[in-house]
Amino acid sequence: SDFRVLLRRARLRPDFTFENFAVSGSNQLAFAAATAVSKNLGSSYNPLFFYGTVGVGKTHLMQAIGQDILSAHPGKKTVYLTSEEFTNEFVESIRGKSTSSFRKKLRGTDILFIDDVQFFAGKNKVQEELFHTFNSLVGNEQQVVLSSDRPPTELEDIEKRLRSRFAGGLTVDIEPPDMELRCAILL
């Protein structure tokens with residue numbers, strides 16, 4: 001279907017939706033923030049920054065936001081990238097002398113998701129590119145959603161100005177699921 005093509009183009013998994021996200025006390029705030037962002041793009045919480053350990057649902061929520069937006073507004077430009085994909089595409093754009101098209105692609109999005117930003121540690125050129133992309137998007141009220149395994153203040157080897165930007169919207173800690181939620185997820 002056309003929607004599946006939209007999802008593939010945005011790099012979103014069809015199974016990561018709000019409907020199949022199990023909610024409990026440990027992730028209630030994150031779920032509420034995600035749904036708010038999907039309804040008020042660029043104005044609710046920008047950026048929205050999720051952090052928590054592996055397996056708590058950060059990627060699921062990010063992708064659910066993207067799906068929700070695309071189902072309501074198929075014309076919205078949505079890009080989901082892991083930090084590794086962002087880095088690889090940036091390096092490739094330098095190698096291929098196509099940094100302007102890389103910038104145009106990312107800065108022309110309505111919503112940019114970047115997963116696992118802790119992996120930008122020590123990559124100074126990539127951080128600089130991300131900084132300018134971030135400023136461009138947020139400055140134009142385009143939505144940015146980020147995830148990490150730790151809060152912005154604890155991101156080592158990430159430039160201070162970037163950590164400051166990451167913390168400039170809403171930062172949400174997604175805690176490991178409690179027993180009831182683990183059971184609900186299994187069911």
# chains A, B, ... in the order shown; residues from 1 in each chain; ligands from 1

$ select_by_dssp --residues "segment 77-112 of chain A" --states "helix (DSSP H, G or I)" --output "PyMOL selection string"
chain A and resi 83-95+99-107

$ write_last_selection --atoms "N, CA and C atoms" --output "mmCIF file, in the first residue's frame"
data_model
loop_
_atom_site.group_PDB
_atom_site.id
_atom_site.type_symbol
_atom_site.label_atom_id
_atom_site.label_comp_id
_atom_site.auth_asym_id
_atom_site.auth_seq_id
_atom_site.Cartn_x
_atom_site.Cartn_y
_atom_site.Cartn_z
ATOM 1 N N SER A 83 22.281 7.059 14.902
ATOM 2 C CA SER A 83 23.466 7.922 14.875
ATOM 3 C C SER A 83 24.489 7.381 13.879
ATOM 4 N N GLU A 84 24.552 6.058 13.755
ATOM 5 C CA GLU A 84 25.487 5.448 12.807
ATOM 6 C C GLU A 84 25.102 5.797 11.364
ATOM 7 N N GLU A 85 23.807 5.728 11.048
ATOM 8 C CA GLU A 85 23.354 6.081 9.698
ATOM 9 C C GLU A 85 23.617 7.558 9.404
ATOM 10 N N PHE A 86 23.358 8.423 10.381
ATOM 11 C CA PHE A 86 23.633 9.855 10.220
ATOM 12 C C PHE A 86 25.117 10.053 9.911
ATOM 13 N N THR A 87 25.964 9.415 10.721
ATOM 14 C CA THR A 87 27.417 9.534 10.552
ATOM 15 C C THR A 87 27.849 9.023 9.179
ATOM 16 N N ASN A 88 27.393 7.826 8.813
ATOM 17 C CA ASN A 88 27.777 7.238 7.523
ATOM 18 C C ASN A 88 27.327 8.096 6.348
ATOM 19 N N GLU A 89 26.096 8.600 6.402
ATOM 20 C CA GLU A 89 25.591 9.431 5.308
ATOM 21 C C GLU A 89 26.356 10.746 5.221
ATOM 22 N N PHE A 90 26.713 11.303 6.377
ATOM 23 C CA PHE A 90 27.490 12.552 6.384
ATOM 24 C C PHE A 90 28.882 12.323 5.792
ATOM 25 N N VAL A 91 29.554 11.274 6.251
ATOM 26 C CA VAL A 91 30.898 10.953 5.741
ATOM 27 C C VAL A 91 30.836 10.693 4.237
ATOM 28 N N GLU A 92 29.824 9.952 3.817
ATOM 29 C CA GLU A 92 29.651 9.650 2.385
ATOM 30 C C GLU A 92 29.405 10.934 1.595
ATOM 31 N N SER A 93 28.671 11.876 2.175
ATOM 32 C CA SER A 93 28.399 13.138 1.483
ATOM 33 C C SER A 93 29.673 13.974 1.324
ATOM 34 N N ILE A 94 30.571 13.872 2.299
ATOM 35 C CA ILE A 94 31.862 14.565 2.184
ATOM 36 C C ILE A 94 32.682 13.907 1.081
ATOM 37 N N ARG A 95 32.742 12.572 1.128
ATOM 38 C CA ARG A 95 33.507 11.814 0.144
ATOM 39 C C ARG A 95 32.988 12.069 -1.271
ATOM 40 N N THR A 99 27.710 17.349 0.265
ATOM 41 C CA THR A 99 27.231 17.777 1.590
ATOM 42 C C THR A 99 26.007 18.674 1.491
ATOM 43 N N SER A 100 25.903 19.454 0.407
ATOM 44 C CA SER A 100 24.739 20.345 0.302
ATOM 45 C C SER A 100 23.455 19.538 0.139
ATOM 46 N N SER A 101 23.494 18.431 -0.584
ATOM 47 C CA SER A 101 22.267 17.632 -0.715
ATOM 48 C C SER A 101 21.964 16.886 0.590
ATOM 49 N N PHE A 102 23.003 16.487 1.318
ATOM 50 C CA PHE A 102 22.803 15.875 2.637
ATOM 51 C C PHE A 102 22.099 16.868 3.563
ATOM 52 N N ARG A 103 22.616 18.100 3.587
ATOM 53 C CA ARG A 103 22.018 19.142 4.438
ATOM 54 C C ARG A 103 20.587 19.444 4.020
ATOM 55 N N LYS A 104 20.377 19.543 2.731
ATOM 56 C CA LYS A 104 19.051 19.860 2.208
ATOM 57 C C LYS A 104 18.040 18.782 2.605
ATOM 58 N N LYS A 105 18.460 17.519 2.501
ATOM 59 C CA LYS A 105 17.588 16.395 2.862
ATOM 60 C C LYS A 105 17.172 16.489 4.333
ATOM 61 N N LEU A 106 18.157 16.678 5.221
ATOM 62 C CA LEU A 106 17.838 16.682 6.654
ATOM 63 C C LEU A 106 17.167 17.961 7.104
ATOM 64 N N ARG A 107 17.626 19.086 6.596
ATOM 65 C CA ARG A 107 17.056 20.365 7.038
ATOM 66 C C ARG A 107 15.727 20.664 6.369
#

$ residues_around --residues "segment 25-29 of chain A" --least-positions-apart "4" --cutoff "8 Å" --atoms "only C-alpha atoms" --output "JSON, numbers by chain"
{"A": [33, 172, 174, 175, 176, 177, 178]}

$ write_last_selection --atoms "all heavy atoms" --output "compact mmCIF listing (two decimals), in the first residue's frame"
# COMPACT_ATOMS: atom_id res chain seq x y z
N ALA A 33 4.23 12.46 26.22
CA ALA A 33 5.03 13.43 25.47
C ALA A 33 5.06 13.07 23.98
O ALA A 33 4.93 13.94 23.12
CB ALA A 33 6.46 13.47 26.02
N VAL A 172 13.02 13.10 28.80
CA VAL A 172 12.21 12.11 29.51
C VAL A 172 13.00 10.83 29.75
O VAL A 172 13.51 10.22 28.81
CB VAL A 172 10.93 11.75 28.71
CG1 VAL A 172 10.06 10.78 29.50
CG2 VAL A 172 10.14 12.98 28.34
N ILE A 174 12.95 7.09 30.47
CA ILE A 174 12.06 5.92 30.38
C ILE A 174 12.69 4.84 31.25
O ILE A 174 13.77 4.33 30.94
CB ILE A 174 11.87 5.43 28.94
CG1 ILE A 174 11.40 6.56 28.03
CG2 ILE A 174 10.89 4.27 28.91
CD1 ILE A 174 11.24 6.17 26.57
N GLU A 175 12.03 4.53 32.33
CA GLU A 175 12.59 3.57 33.28
C GLU A 175 12.29 2.14 32.84
O GLU A 175 11.36 1.90 32.08
CB GLU A 175 12.01 3.84 34.66
CG GLU A 175 12.48 5.19 35.21
CD GLU A 175 11.84 5.55 36.53
OE1 GLU A 175 11.22 4.68 37.18
OE2 GLU A 175 11.96 6.73 36.90
N PRO A 176 13.11 1.19 33.32
CA PRO A 176 12.84 -0.22 32.99
C PRO A 176 11.42 -0.58 33.43
O PRO A 176 10.93 -0.06 34.43
CB PRO A 176 13.89 -0.99 33.79
CG PRO A 176 15.00 0.00 34.00
CD PRO A 176 14.31 1.35 34.12
N PRO A 177 10.77 -1.46 32.69
CA PRO A 177 9.38 -1.81 33.00
C PRO A 177 9.23 -2.53 34.35
O PRO A 177 10.09 -3.31 34.72
CB PRO A 177 8.97 -2.73 31.85
CG PRO A 177 10.24 -3.22 31.26
CD PRO A 177 11.28 -2.18 31.53
N ASP A 178 8.14 -2.21 35.04
CA ASP A 178 7.85 -2.92 36.28
C ASP A 178 7.26 -4.29 35.94
O ASP A 178 7.06 -4.61 34.77
CB ASP A 178 6.89 -2.09 37.16
CG ASP A 178 5.63 -1.68 36.41
OD1 ASP A 178 5.20 -2.40 35.48
OD2 ASP A 178 5.07 -0.62 36.75

$ closest_residue --among "A:Glu180, A:Asp68, A:Glu129, A:Glu159" --to "Ile111 of chain A" --atoms "only C-alpha atoms"
A:Asp68

$ residues_around --residues "Glu156 of chain A" --least-positions-apart "3" --cutoff "9 Å" --atoms "only C-alpha atoms" --output "mmCIF file with N, CA and C atoms, in the first residue's frame"
data_model
loop_
_atom_site.group_PDB
_atom_site.id
_atom_site.type_symbol
_atom_site.label_atom_id
_atom_site.label_comp_id
_atom_site.auth_asym_id
_atom_site.auth_seq_id
_atom_site.Cartn_x
_atom_site.Cartn_y
_atom_site.Cartn_z
ATOM 1 N N GLN A 118 24.314 8.988 21.837
ATOM 2 C CA GLN A 118 25.556 8.805 22.606
ATOM 3 C C GLN A 118 26.709 8.358 21.707
ATOM 4 N N ALA A 121 29.758 10.594 20.312
ATOM 5 C CA ALA A 121 30.884 10.954 21.190
ATOM 6 C C ALA A 121 32.202 10.906 20.433
ATOM 7 N N GLY A 122 32.950 11.995 20.539
ATOM 8 C CA GLY A 122 34.275 12.053 19.935
ATOM 9 C C GLY A 122 34.309 12.321 18.438
ATOM 10 N N PRO A 152 21.172 14.112 28.507
ATOM 11 C CA PRO A 152 22.114 14.993 27.806
ATOM 12 C C PRO A 152 23.295 15.440 28.674
ATOM 13 N N THR A 153 23.040 15.723 29.945
ATOM 14 C CA THR A 153 24.101 16.208 30.831
ATOM 15 C C THR A 153 25.204 15.176 31.041
ATOM 16 N N GLU A 159 29.994 17.779 22.475
ATOM 17 C CA GLU A 159 30.200 19.207 22.720
ATOM 18 C C GLU A 159 29.143 19.772 23.665
#

$ residues_around --residues "Ser43 of chain A" --least-positions-apart "5" --cutoff "12 Å" --atoms "only C-alpha atoms" --output "ChimeraX atom specification"
/A:33,36-38,48,110-111,137-144,169-170

$ decode --residues "segment 117-130 of chain A" --atoms "all heavy atoms" --output "mmCIF file, in the first residue's frame"
data_model
loop_
_atom_site.group_PDB
_atom_site.id
_atom_site.type_symbol
_atom_site.label_atom_id
_atom_site.label_comp_id
_atom_site.auth_asym_id
_atom_site.auth_seq_id
_atom_site.Cartn_x
_atom_site.Cartn_y
_atom_site.Cartn_z
ATOM 1 N N VAL A 117 22.057 8.908 20.245
ATOM 2 C CA VAL A 117 22.986 10.028 20.040
ATOM 3 C C VAL A 117 24.272 9.902 20.858
ATOM 4 O O VAL A 117 25.248 10.596 20.562
ATOM 5 C CB VAL A 117 22.325 11.404 20.299
ATOM 6 C CG1 VAL A 117 21.189 11.656 19.321
ATOM 7 C CG2 VAL A 117 21.861 11.543 21.734
ATOM 8 N N GLN A 118 24.314 8.988 21.837
ATOM 9 C CA GLN A 118 25.556 8.805 22.606
ATOM 10 C C GLN A 118 26.709 8.358 21.707
ATOM 11 O O GLN A 118 27.877 8.582 22.023
ATOM 12 C CB GLN A 118 25.358 7.821 23.770
ATOM 13 C CG GLN A 118 25.197 6.358 23.378
ATOM 14 C CD GLN A 118 23.752 5.961 23.107
ATOM 15 O OE1 GLN A 118 22.872 6.803 22.966
ATOM 16 N NE2 GLN A 118 23.510 4.668 23.025
ATOM 17 N N PHE A 119 26.389 7.767 20.551
ATOM 18 C CA PHE A 119 27.439 7.291 19.647
ATOM 19 C C PHE A 119 28.088 8.411 18.826
ATOM 20 O O PHE A 119 28.988 8.155 18.040
ATOM 21 C CB PHE A 119 26.912 6.181 18.734
ATOM 22 C CG PHE A 119 26.583 4.914 19.493
ATOM 23 C CD1 PHE A 119 25.297 4.407 19.489
ATOM 24 C CD2 PHE A 119 27.558 4.256 20.241
ATOM 25 C CE1 PHE A 119 24.988 3.255 20.207
ATOM 26 C CE2 PHE A 119 27.254 3.106 20.964
ATOM 27 C CZ PHE A 119 25.966 2.597 20.942
ATOM 28 N N PHE A 120 27.629 9.649 18.996
ATOM 29 C CA PHE A 120 28.300 10.783 18.355
ATOM 30 C C PHE A 120 29.531 11.218 19.160
ATOM 31 O O PHE A 120 30.267 12.101 18.736
ATOM 32 C CB PHE A 120 27.353 11.980 18.202
ATOM 33 C CG PHE A 120 26.295 11.787 17.156
ATOM 34 C CD1 PHE A 120 24.957 11.968 17.464
ATOM 35 C CD2 PHE A 120 26.629 11.438 15.854
ATOM 36 C CE1 PHE A 120 23.971 11.797 16.496
ATOM 37 C CE2 PHE A 120 25.657 11.267 14.883
ATOM 38 C CZ PHE A 120 24.326 11.446 15.205
ATOM 39 N N ALA A 121 29.758 10.594 20.312
ATOM 40 C CA ALA A 121 30.884 10.954 21.190
ATOM 41 C C ALA A 121 32.202 10.906 20.433
ATOM 42 O O ALA A 121 32.491 9.930 19.738
ATOM 43 C CB ALA A 121 30.933 10.014 22.391
ATOM 44 N N GLY A 122 32.950 11.995 20.539
ATOM 45 C CA GLY A 122 34.275 12.053 19.935
ATOM 46 C C GLY A 122 34.309 12.321 18.438
ATOM 47 O O GLY A 122 35.375 12.504 17.868
ATOM 48 N N LYS A 123 33.158 12.337 17.794
ATOM 49 C CA LYS A 123 33.101 12.571 16.342
ATOM 50 C C LYS A 123 32.832 14.058 16.100
ATOM 51 O O LYS A 123 31.697 14.465 15.861
ATOM 52 C CB LYS A 123 32.020 11.700 15.702
ATOM 53 C CG LYS A 123 32.284 10.209 15.853
ATOM 54 C CD LYS A 123 31.173 9.383 15.224
ATOM 55 C CE LYS A 123 31.507 7.910 15.287
ATOM 56 N NZ LYS A 123 30.559 7.154 16.112
ATOM 57 N N ASN A 124 33.884 14.859 16.149
ATOM 58 C CA ASN A 124 33.730 16.317 16.162
ATOM 59 C C ASN A 124 33.084 16.895 14.918
ATOM 60 O O ASN A 124 32.207 17.752 15.013
ATOM 61 C CB ASN A 124 35.076 16.988 16.434
ATOM 62 C CG ASN A 124 35.588 16.664 17.830
ATOM 63 O OD1 ASN A 124 34.878 16.047 18.632
ATOM 64 N ND2 ASN A 124 36.805 17.059 18.115
ATOM 65 N N LYS A 125 33.491 16.455 13.733
ATOM 66 C CA LYS A 125 32.915 16.981 12.483
ATOM 67 C C LYS A 125 31.431 16.624 12.393
ATOM 68 O O LYS A 125 30.616 17.437 11.957
ATOM 69 C CB LYS A 125 33.650 16.418 11.265
ATOM 70 C CG LYS A 125 34.929 17.142 10.942
ATOM 71 C CD LYS A 125 34.605 18.442 10.236
ATOM 72 C CE LYS A 125 35.833 19.139 9.728
ATOM 73 N NZ LYS A 125 35.679 20.603 9.773
ATOM 74 N N VAL A 126 31.108 15.404 12.785
ATOM 75 C CA VAL A 126 29.710 14.956 12.752
ATOM 76 C C VAL A 126 28.888 15.766 13.750
ATOM 77 O O VAL A 126 27.769 16.191 13.443
ATOM 78 C CB VAL A 126 29.610 13.438 13.044
ATOM 79 C CG1 VAL A 126 28.162 12.994 13.088
ATOM 80 C CG2 VAL A 126 30.375 12.643 12.001
ATOM 81 N N GLN A 127 29.452 16.004 14.935
ATOM 82 C CA GLN A 127 28.744 16.809 15.939
ATOM 83 C C GLN A 127 28.509 18.226 15.436
ATOM 84 O O GLN A 127 27.443 18.804 15.677
ATOM 85 C CB GLN A 127 29.544 16.857 17.242
ATOM 86 C CG GLN A 127 29.520 15.563 18.014
ATOM 87 C CD GLN A 127 30.243 15.684 19.336
ATOM 88 O OE1 GLN A 127 30.130 16.682 20.030
ATOM 89 N NE2 GLN A 127 30.990 14.652 19.694
ATOM 90 N N GLU A 128 29.485 18.780 14.729
ATOM 91 C CA GLU A 128 29.326 20.130 14.187
ATOM 92 C C GLU A 128 28.181 20.164 13.171
ATOM 93 O O GLU A 128 27.333 21.064 13.200
ATOM 94 C CB GLU A 128 30.630 20.599 13.542
ATOM 95 C CG GLU A 128 30.559 22.043 13.104
ATOM 96 C CD GLU A 128 31.880 22.553 12.540
ATOM 97 O OE1 GLU A 128 32.937 21.969 12.845
ATOM 98 O OE2 GLU A 128 31.827 23.533 11.783
ATOM 99 N N GLU A 129 28.132 19.170 12.302
ATOM 100 C CA GLU A 129 27.052 19.083 11.301
ATOM 101 C C GLU A 129 25.706 18.928 11.994
ATOM 102 O O GLU A 129 24.725 19.584 11.632
ATOM 103 C CB GLU A 129 27.312 17.910 10.351
ATOM 104 C CG GLU A 129 26.305 17.802 9.229
ATOM 105 C CD GLU A 129 26.304 19.020 8.316
ATOM 106 O OE1 GLU A 129 27.356 19.655 8.112
ATOM 107 O OE2 GLU A 129 25.210 19.344 7.786
ATOM 108 N N LEU A 130 25.657 18.069 13.001
ATOM 109 C CA LEU A 130 24.422 17.852 13.754
ATOM 110 C C LEU A 130 23.985 19.139 14.448
ATOM 111 O O LEU A 130 22.802 19.475 14.453
ATOM 112 C CB LEU A 130 24.608 16.735 14.785
ATOM 113 C CG LEU A 130 23.394 16.435 15.665
ATOM 114 C CD1 LEU A 130 22.190 16.027 14.831
ATOM 115 C CD2 LEU A 130 23.738 15.345 16.675
#
